[in-house]
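**Q** I'd like to ask you about the structure that follows.
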Amino acid sequence: IKYSDFEEIFNKSTTMANFLFRTMYEVSYKLSESIFRFQTAKEKYKVLLHDFPFIFQRVPLNCIASYLSITPETLSRLRAEK
């Protein structure tokens, strides 16, 4: 679909705009999730540290490890590598 066609549909119908927004959100979420799945533990850790530098002061480490799909021990080793 051309951007101009997309924009026209988006502007004409609130229902269609909501549908398109939700669809685009779902696609982008699934894509980012699949990319995240193929990253190494170190890459996941670096992305999290870059995007949310204060998360380690606010969230328990076992929750962060679970989010990253790594063990708490692996997270501890990654944090020690500084």
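Chain labels follow the order of the structure tokens: the first chain is A, the next B, and so on; residue numbering restarts at 1 in every chain, and ligands are counted from 1 in their shown order.
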Excluding Glu81 of chain A and its own-chain neighbours fewer than 6 positions away, which residues fall within 12 Å of it when counting only C-alpha atoms? Please give them as a compact mmCIF listing (two decimals) with N, CA, C and O atoms, in the first residue's frame.
**A**
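Contents of around.txt, as written:
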```
# COMPACT_ATOMS: atom_id res chain seq x y z
N LYS A 42 24.47 -11.34 26.33
CA LYS A 42 25.24 -10.10 26.45
C LYS A 42 24.59 -8.97 25.66
O LYS A 42 24.52 -7.83 26.12
N TYR A 45 21.46 -7.79 27.45
CA TYR A 45 21.85 -7.00 28.62
C TYR A 45 22.27 -5.59 28.21
O TYR A 45 21.85 -4.60 28.81
N LYS A 46 23.09 -5.48 27.15
CA LYS A 46 23.56 -4.16 26.71
C LYS A 46 22.41 -3.28 26.23
O LYS A 46 22.38 -2.09 26.51
N THR A 74 23.79 -15.83 35.17
CA THR A 74 24.31 -15.24 33.93
C THR A 74 24.24 -13.72 34.00
O THR A 74 25.19 -13.03 33.62
N LEU A 75 23.14 -13.21 34.52
CA LEU A 75 23.00 -11.76 34.68
C LEU A 75 24.09 -11.23 35.60
O LEU A 75 24.71 -10.19 35.32
```
**Q** Fewer than 6 positions away in the same chain doesn't count, so skip those; otherwise give me all residues within 12 Å of Leu61 of chain A, counting only C-alpha atoms, as number ranges by chain.
**A** A: 45, 55, 67-68, 70-76, 78-79
**Q** Take the residues from that selection and write them out as a PDB file, in the first residue's frame, keeping C-alpha atoms.
**A**
```pdb
ATOM      1  CA  TYR A  45      21.852  -6.998  28.618  1.00  0.00           C
ATOM      2  CA  ILE A  55      16.281  -0.298  35.837  1.00  0.00           C
ATOM      3  CA  TYR A  67      12.691 -10.647  31.318  1.00  0.00           C
ATOM      4  CA  LEU A  68      15.960 -11.248  29.470  1.00  0.00           C
ATOM      5  CA  ILE A  70      18.611 -15.718  31.207  1.00  0.00           C
ATOM      6  CA  THR A  71      19.494 -17.117  34.611  1.00  0.00           C
ATOM      7  CA  PRO A  72      20.226 -14.803  37.543  1.00  0.00           C
ATOM      8  CA  GLU A  73      23.769 -16.232  37.575  1.00  0.00           C
ATOM      9  CA  THR A  74      24.314 -15.242  33.933  1.00  0.00           C
ATOM     10  CA  LEU A  75      23.003 -11.758  34.682  1.00  0.00           C
ATOM     11  CA  SER A  76      25.394 -11.522  37.609  1.00  0.00           C
ATOM     12  CA  LEU A  78      27.328  -9.930  32.766  1.00  0.00           C
ATOM     13  CA  ARG A  79      27.067  -7.199  35.381  1.00  0.00           C
TER      14      ARG A  79
END
```
**Q** List every residue of chain A that DSSP, applied to the backbone, labels as alpha helix (DSSP H), and write the result as a ChimeraX atom specification.
**A** /A:3-12,14-37,41-51,55-58,61-68,72-80
**Q** Create the file for the chosen residues now, containing C-alpha atoms and written as a PDB file, in the first residue's frame.
**A**
```
ATOM      1  CA  TYR A   3       1.751   5.849   1.989  1.00  0.00           C
ATOM      2  CA  SER A   4      -0.686   8.345   0.444  1.00  0.00           C
ATOM      3  CA  ASP A   5      -3.397   5.651   0.246  1.00  0.00           C
ATOM      4  CA  PHE A   6      -2.688   4.624   3.810  1.00  0.00           C
ATOM      5  CA  GLU A   7      -2.890   8.216   4.991  1.00  0.00           C
ATOM      6  CA  GLU A   8      -6.189   8.766   3.174  1.00  0.00           C
ATOM      7  CA  ILE A   9      -7.763   5.685   4.777  1.00  0.00           C
ATOM      8  CA  PHE A  10      -6.366   6.697   8.148  1.00  0.00           C
ATOM      9  CA  ASN A  11      -7.896  10.182   7.912  1.00  0.00           C
ATOM     10  CA  LYS A  12     -11.323   9.100   6.642  1.00  0.00           C
ATOM     11  CA  THR A  14     -11.613   6.451  12.960  1.00  0.00           C
ATOM     12  CA  THR A  15     -12.500   2.763  13.088  1.00  0.00           C
ATOM     13  CA  MET A  16     -10.058   1.949  10.316  1.00  0.00           C
ATOM     14  CA  ALA A  17      -7.412   4.168  11.906  1.00  0.00           C
ATOM     15  CA  ASN A  18      -7.761   2.255  15.175  1.00  0.00           C
ATOM     16  CA  PHE A  19      -7.586  -1.057  13.346  1.00  0.00           C
ATOM     17  CA  LEU A  20      -4.489  -0.023  11.393  1.00  0.00           C
ATOM     18  CA  PHE A  21      -2.804   1.329  14.505  1.00  0.00           C
ATOM     19  CA  ARG A  22      -3.435  -1.898  16.422  1.00  0.00           C
ATOM     20  CA  THR A  23      -2.274  -4.008  13.499  1.00  0.00           C
ATOM     21  CA  MET A  24       0.913  -1.994  13.092  1.00  0.00           C
ATOM     22  CA  TYR A  25       1.543  -2.176  16.833  1.00  0.00           C
ATOM     23  CA  GLU A  26       1.119  -5.960  16.854  1.00  0.00           C
ATOM     24  CA  VAL A  27       3.426  -6.420  13.875  1.00  0.00           C
ATOM     25  CA  SER A  28       6.132  -4.160  15.318  1.00  0.00           C
ATOM     26  CA  TYR A  29       5.848  -5.841  18.748  1.00  0.00           C
ATOM     27  CA  LYS A  30       6.161  -9.337  17.260  1.00  0.00           C
ATOM     28  CA  LEU A  31       9.092  -8.244  15.111  1.00  0.00           C
ATOM     29  CA  SER A  32      10.976  -6.727  18.038  1.00  0.00           C
ATOM     30  CA  GLU A  33      10.193  -9.808  20.128  1.00  0.00           C
ATOM     31  CA  SER A  34      11.600 -12.135  17.471  1.00  0.00           C
ATOM     32  CA  ILE A  35      14.748 -10.034  17.091  1.00  0.00           C
ATOM     33  CA  PHE A  36      15.178 -10.038  20.890  1.00  0.00           C
ATOM     34  CA  ARG A  37      14.873 -13.835  20.938  1.00  0.00           C
ATOM     35  CA  ALA A  41      22.529 -12.760  26.652  1.00  0.00           C
ATOM     36  CA  LYS A  42      25.238 -10.104  26.452  1.00  0.00           C
ATOM     37  CA  GLU A  43      23.455  -8.268  23.623  1.00  0.00           C
ATOM     38  CA  LYS A  44      20.138  -8.328  25.492  1.00  0.00           C
ATOM     39  CA  TYR A  45      21.852  -6.998  28.618  1.00  0.00           C
ATOM     40  CA  LYS A  46      23.563  -4.163  26.706  1.00  0.00           C
ATOM     41  CA  VAL A  47      20.300  -3.106  25.030  1.00  0.00           C
ATOM     42  CA  LEU A  48      18.475  -3.075  28.362  1.00  0.00           C
ATOM     43  CA  LEU A  49      21.270  -1.145  30.032  1.00  0.00           C
ATOM     44  CA  HIS A  50      21.341   1.394  27.196  1.00  0.00           C
ATOM     45  CA  ASP A  51      17.563   1.873  26.976  1.00  0.00           C
ATOM     46  CA  ILE A  55      16.281  -0.298  35.837  1.00  0.00           C
ATOM     47  CA  PHE A  56      18.823  -2.143  37.972  1.00  0.00           C
ATOM     48  CA  GLN A  57      18.121   0.216  40.851  1.00  0.00           C
ATOM     49  CA  ARG A  58      14.342  -0.199  40.611  1.00  0.00           C
ATOM     50  CA  LEU A  61      17.589  -8.795  39.534  1.00  0.00           C
ATOM     51  CA  ASN A  62      15.666 -12.063  39.296  1.00  0.00           C
ATOM     52  CA  CYS A  63      12.864 -10.193  37.462  1.00  0.00           C
ATOM     53  CA  ILE A  64      15.361  -8.616  35.075  1.00  0.00           C
ATOM     54  CA  ALA A  65      16.957 -12.008  34.407  1.00  0.00           C
ATOM     55  CA  SER A  66      13.539 -13.495  33.713  1.00  0.00           C
ATOM     56  CA  TYR A  67      12.691 -10.647  31.318  1.00  0.00           C
ATOM     57  CA  LEU A  68      15.960 -11.248  29.470  1.00  0.00           C
ATOM     58  CA  PRO A  72      20.226 -14.803  37.543  1.00  0.00           C
ATOM     59  CA  GLU A  73      23.769 -16.232  37.575  1.00  0.00           C
ATOM     60  CA  THR A  74      24.314 -15.242  33.933  1.00  0.00           C
ATOM     61  CA  LEU A  75      23.003 -11.758  34.682  1.00  0.00           C
ATOM     62  CA  SER A  76      25.394 -11.522  37.609  1.00  0.00           C
ATOM     63  CA  ARG A  77      28.341 -12.513  35.392  1.00  0.00           C
ATOM     64  CA  LEU A  78      27.328  -9.930  32.766  1.00  0.00           C
ATOM     65  CA  ARG A  79      27.067  -7.199  35.381  1.00  0.00           C
ATOM     66  CA  ALA A  80      30.513  -8.107  36.732  1.00  0.00           C
TER      67      ALA A  80
END
```
